[in-house]
Amino acid sequence: MAEKKAFVTGHPIAHSRSPKIHGHWLAKYGIDGTYQAIDVAPADFAAFLKGLWDNGFQGGNVTIPHKEAAFALVERRDEAAEAIGAVNTLWFEDDKLWGGNTDAHGFAANLDDYAPGWASNGPAVVLGAGGASRAVIHALKERGVSDIRIVNRTLARAEELSRRFGAGVSAHGADATGELLADAGLLVNTTALGMHGNEGLSADPAALPAHAIVTDIVYVPLETPLLAAARARGLWAVDGLGMLLHQAVPGFERWFGKRPEVTAELRRIIVADIEAH
Ligand code: ATR
């Protein structure tokens, strides 16, 4: 059978860790396939999608800045993509180009690994109201979290998300954070604060009760200031790398026909890559 081809596209794309993840699985499972990073400028993205099938691709991943354009251009969307308003995974099914979103799955699967029972730990506070926040809120709703509190520097963006996701999702400005954390069971940072080059604390975990879980979707650095502050306080903290690893699983299965495993070995490979750069 002919070699199967998949890709990740973004602009820029050189620093993507997806080729390492999928390359590891292709080698591990002995699959005759490739997964390459392709830089596509926004102006060329629609033409790139049109040419996928003729260029022999089974599908691929889409990252910044193409996730919303992919959402608009695909022929069919899965439920998660509809809810989140962005597409990160493409594949062909019944001669149609499908777009899905696996970020919510990645978020939930990471917490399932490192904080089992997380979804019934009490109210959730989500810091940030951008694209990543939408994926997190969708995951929380799917898993039955009934009190989701979005906190954002720009209140209007939090309000927009609260309207979008409906019952059980409230919007707050940053000044309310301390009060909202006092009885929360889960704190999620989706803002760029704490990211390498953007050092800062998006909230003080000291305001949380002792049973709370703290997680960050940022994974460079692996130990963000928020996670370090949570651990220093004795709280359970989960880094964001597992979300990256787990979001890759459904795409690999669609393109290459094998559901891959997120293992300690894969995590070590990506941690080494983060530490090397
Ligand atoms: P993404 O798709 O990664 O979520 P985004 O849509 O640009 O990116 O959203 C970034 C989020 O980080 C927003 O919630 C943003 O707050 P605003 O909506 O007020 O801009 C938040 N953010 C970024 N830098 C921040 C900072 N220095 N302080 C507080 N929030 C910040």
# chains A, B, ... in the order shown; residues from 1 in each chain; ligands from 1
$ residues_around --residues "Leu266 (chain A)" --least-positions-apart "5" --cutoff "9 Å" --atoms "only C-alpha atoms" --output "ChimeraX atom specification"
/A:21,24-25,245,261,271
$ closest_atom_pairs --of "chain A" --to "ligand 1" --cutoff "7 Å" --atoms "only C-alpha atoms and all ligand atoms" --output "tab-separated table"
residue	atom	partner	partner_atom_place_in_ligand_line	distance
A:Leu127	CA	ligand 1	14 (O)	6.9
A:Gly128	CA	ligand 1	14 (O)	3.3
A:Ala129	CA	ligand 1	14 (O)	3.9
A:Gly130	CA	ligand 1	6 (O)	3.2
A:Gly131	CA	ligand 1	2 (O)	3.6
A:Ala132	CA	ligand 1	4 (O)	3.9
A:Ser133	CA	ligand 1	4 (O)	5.6
A:Asn152	CA	ligand 1	14 (O)	5.5
A:Arg153	CA	ligand 1	19 (O)	3.9
A:Thr154	CA	ligand 1	19 (O)	3.8
A:Arg157	CA	ligand 1	18 (O)	5.9
A:Thr190	CA	ligand 1	4 (O)	6.0
A:Thr191	CA	ligand 1	12 (O)	3.4
A:Ala192	CA	ligand 1	23 (C)	4.8
A:Leu193	CA	ligand 1	25 (C)	5.5
A:Ser202	CA	ligand 1	29 (C)	6.4
$ select_by_dssp --residues "region 118-269 of chain A" --states "strand (DSSP E or B)" --output "VMD selection string"
chain A and resid 124 to 127 148 to 152 169 to 173 186 to 189 213 to 216 236 to 238
$ closest_residue --among "A:Arg17, A:Glu75, A:Gly85, A:Ala182" --to "Ala124 (chain A)" --atoms "only C-alpha atoms"
A:Ala182
$ atom_distance --atom1 "CA of Ser162 (chain A)" --atom2 "CA of Met243 (chain A)"
23.2 Å
$ residues_around --residues "Glu93 (chain A)" --least-positions-apart "2" --cutoff "12 Å" --atoms "only C-alpha atoms" --output "PyMOL selection string"
chain A and resi 53+58-59+74-78+90-91+95-100+254-255
$ write_last_selection --atoms "N, CA and C atoms" --output "CSV table (one decimal), in the first residue's frame"
chain,number,residue,atom,x,y,z
A,53,TRP,N,-6.0,16.7,-1.4
A,53,TRP,CA,-6.3,15.3,-1.9
A,53,TRP,C,-5.4,15.0,-3.1
A,58,GLN,N,-3.7,12.4,3.5
A,58,GLN,CA,-4.9,11.8,4.2
A,58,GLN,C,-5.5,12.9,5.0
A,59,GLY,N,-4.8,13.9,5.5
A,59,GLY,CA,-5.3,15.0,6.3
A,59,GLY,C,-4.1,15.6,7.1
A,74,VAL,N,-13.8,24.1,5.6
A,74,VAL,CA,-14.0,22.7,5.5
A,74,VAL,C,-15.5,22.4,5.0
A,75,GLU,N,-15.7,21.2,4.5
A,75,GLU,CA,-17.0,20.8,4.0
A,75,GLU,C,-17.9,20.3,5.1
A,76,ARG,N,-17.3,19.7,6.1
A,76,ARG,CA,-18.1,19.1,7.3
A,76,ARG,C,-17.3,19.4,8.6
A,77,ARG,N,-18.0,19.5,9.7
A,77,ARG,CA,-17.3,19.8,11.0
A,77,ARG,C,-17.9,18.8,12.0
A,78,ASP,N,-17.0,18.4,12.9
A,78,ASP,CA,-17.5,17.6,14.0
A,78,ASP,C,-18.1,18.5,15.1
A,90,LEU,N,-7.8,17.9,10.3
A,90,LEU,CA,-8.5,17.7,9.0
A,90,LEU,C,-8.3,16.3,8.5
A,91,TRP,N,-9.4,15.7,7.9
A,91,TRP,CA,-9.3,14.4,7.3
A,91,TRP,C,-10.4,14.3,6.2
A,95,ASP,N,-15.4,11.3,0.7
A,95,ASP,CA,-15.1,12.3,-0.3
A,95,ASP,C,-15.3,13.7,0.1
A,96,LYS,N,-15.4,13.9,1.4
A,96,LYS,CA,-15.6,15.3,1.9
A,96,LYS,C,-14.4,15.6,2.8
A,97,LEU,N,-14.0,16.9,2.8
A,97,LEU,CA,-13.0,17.4,3.8
A,97,LEU,C,-13.6,17.7,5.1
A,98,TRP,N,-13.3,17.0,6.1
A,98,TRP,CA,-13.8,17.2,7.5
A,98,TRP,C,-12.8,18.0,8.3
A,99,GLY,N,-13.4,18.8,9.2
A,99,GLY,CA,-12.6,19.5,10.2
A,99,GLY,C,-13.1,19.2,11.6
A,100,GLY,N,-12.2,18.9,12.5
A,100,GLY,CA,-12.5,18.6,13.8
A,100,GLY,C,-11.7,19.4,14.8
A,254,ARG,N,-7.0,8.7,12.6
A,254,ARG,CA,-7.8,8.8,11.3
A,254,ARG,C,-6.9,8.7,10.1
A,255,TRP,N,-5.7,9.3,10.1
A,255,TRP,CA,-4.8,9.2,9.0
A,255,TRP,C,-4.1,7.9,8.8
$ closest_residue --among "A:Lys5, A:Arg268, A:Arg149, A:Arg233" --to "Asn189 (chain A)" --atoms "only C-alpha atoms"
A:Arg149
$ closest_residue --among "A:Ile217, A:Ile274, A:Ala37, A:Val125" --to "Ser18 (chain A)" --atoms "only C-alpha atoms"
A:Ala37
$ closest_atom_pairs --of "region 160-209 of chain A" --to "region 111-117 of chain A" --cutoff "12 Å" --atoms "only C-alpha atoms" --output "tab-separated table"
residue	atom	partner	partner_atom	distance
A:Gly185	CA	A:Gly117	CA	10.8
A:Leu186	CA	A:Ala115	CA	10.4
A:Leu187	CA	A:Leu111	CA	11.9
A:Val188	CA	A:Leu111	CA	11.0
$ write_last_selection --atoms "N, CA and C atoms" --output "short mmCIF file (atom, residue, chain, number, x, y, z; two decimals), in the first residue's frame"
data_model
loop_
_atom_site.label_atom_id
_atom_site.label_comp_id
_atom_site.auth_asym_id
_atom_site.auth_seq_id
_atom_site.Cartn_x
_atom_site.Cartn_y
_atom_site.Cartn_z
N GLY A 185 -12.80 24.23 42.68
CA GLY A 185 -12.09 22.95 42.74
C GLY A 185 -11.09 22.79 41.62
N LEU A 186 -11.17 23.70 40.64
CA LEU A 186 -10.27 23.60 39.48
C LEU A 186 -9.95 25.00 38.98
N LEU A 187 -8.66 25.27 38.77
CA LEU A 187 -8.23 26.54 38.18
C LEU A 187 -7.44 26.22 36.92
N VAL A 188 -7.87 26.83 35.80
CA VAL A 188 -7.22 26.59 34.51
C VAL A 188 -6.70 27.90 33.94
#
$ atom_distance --atom1 "CA of Asp147 (chain A)" --atom2 "CA of Asn88 (chain A)"
26.8 Å
$ atom_distance --atom1 "CA of Ala230 (chain A)" --atom2 "CA of Ala212 (chain A)"
9.3 Å
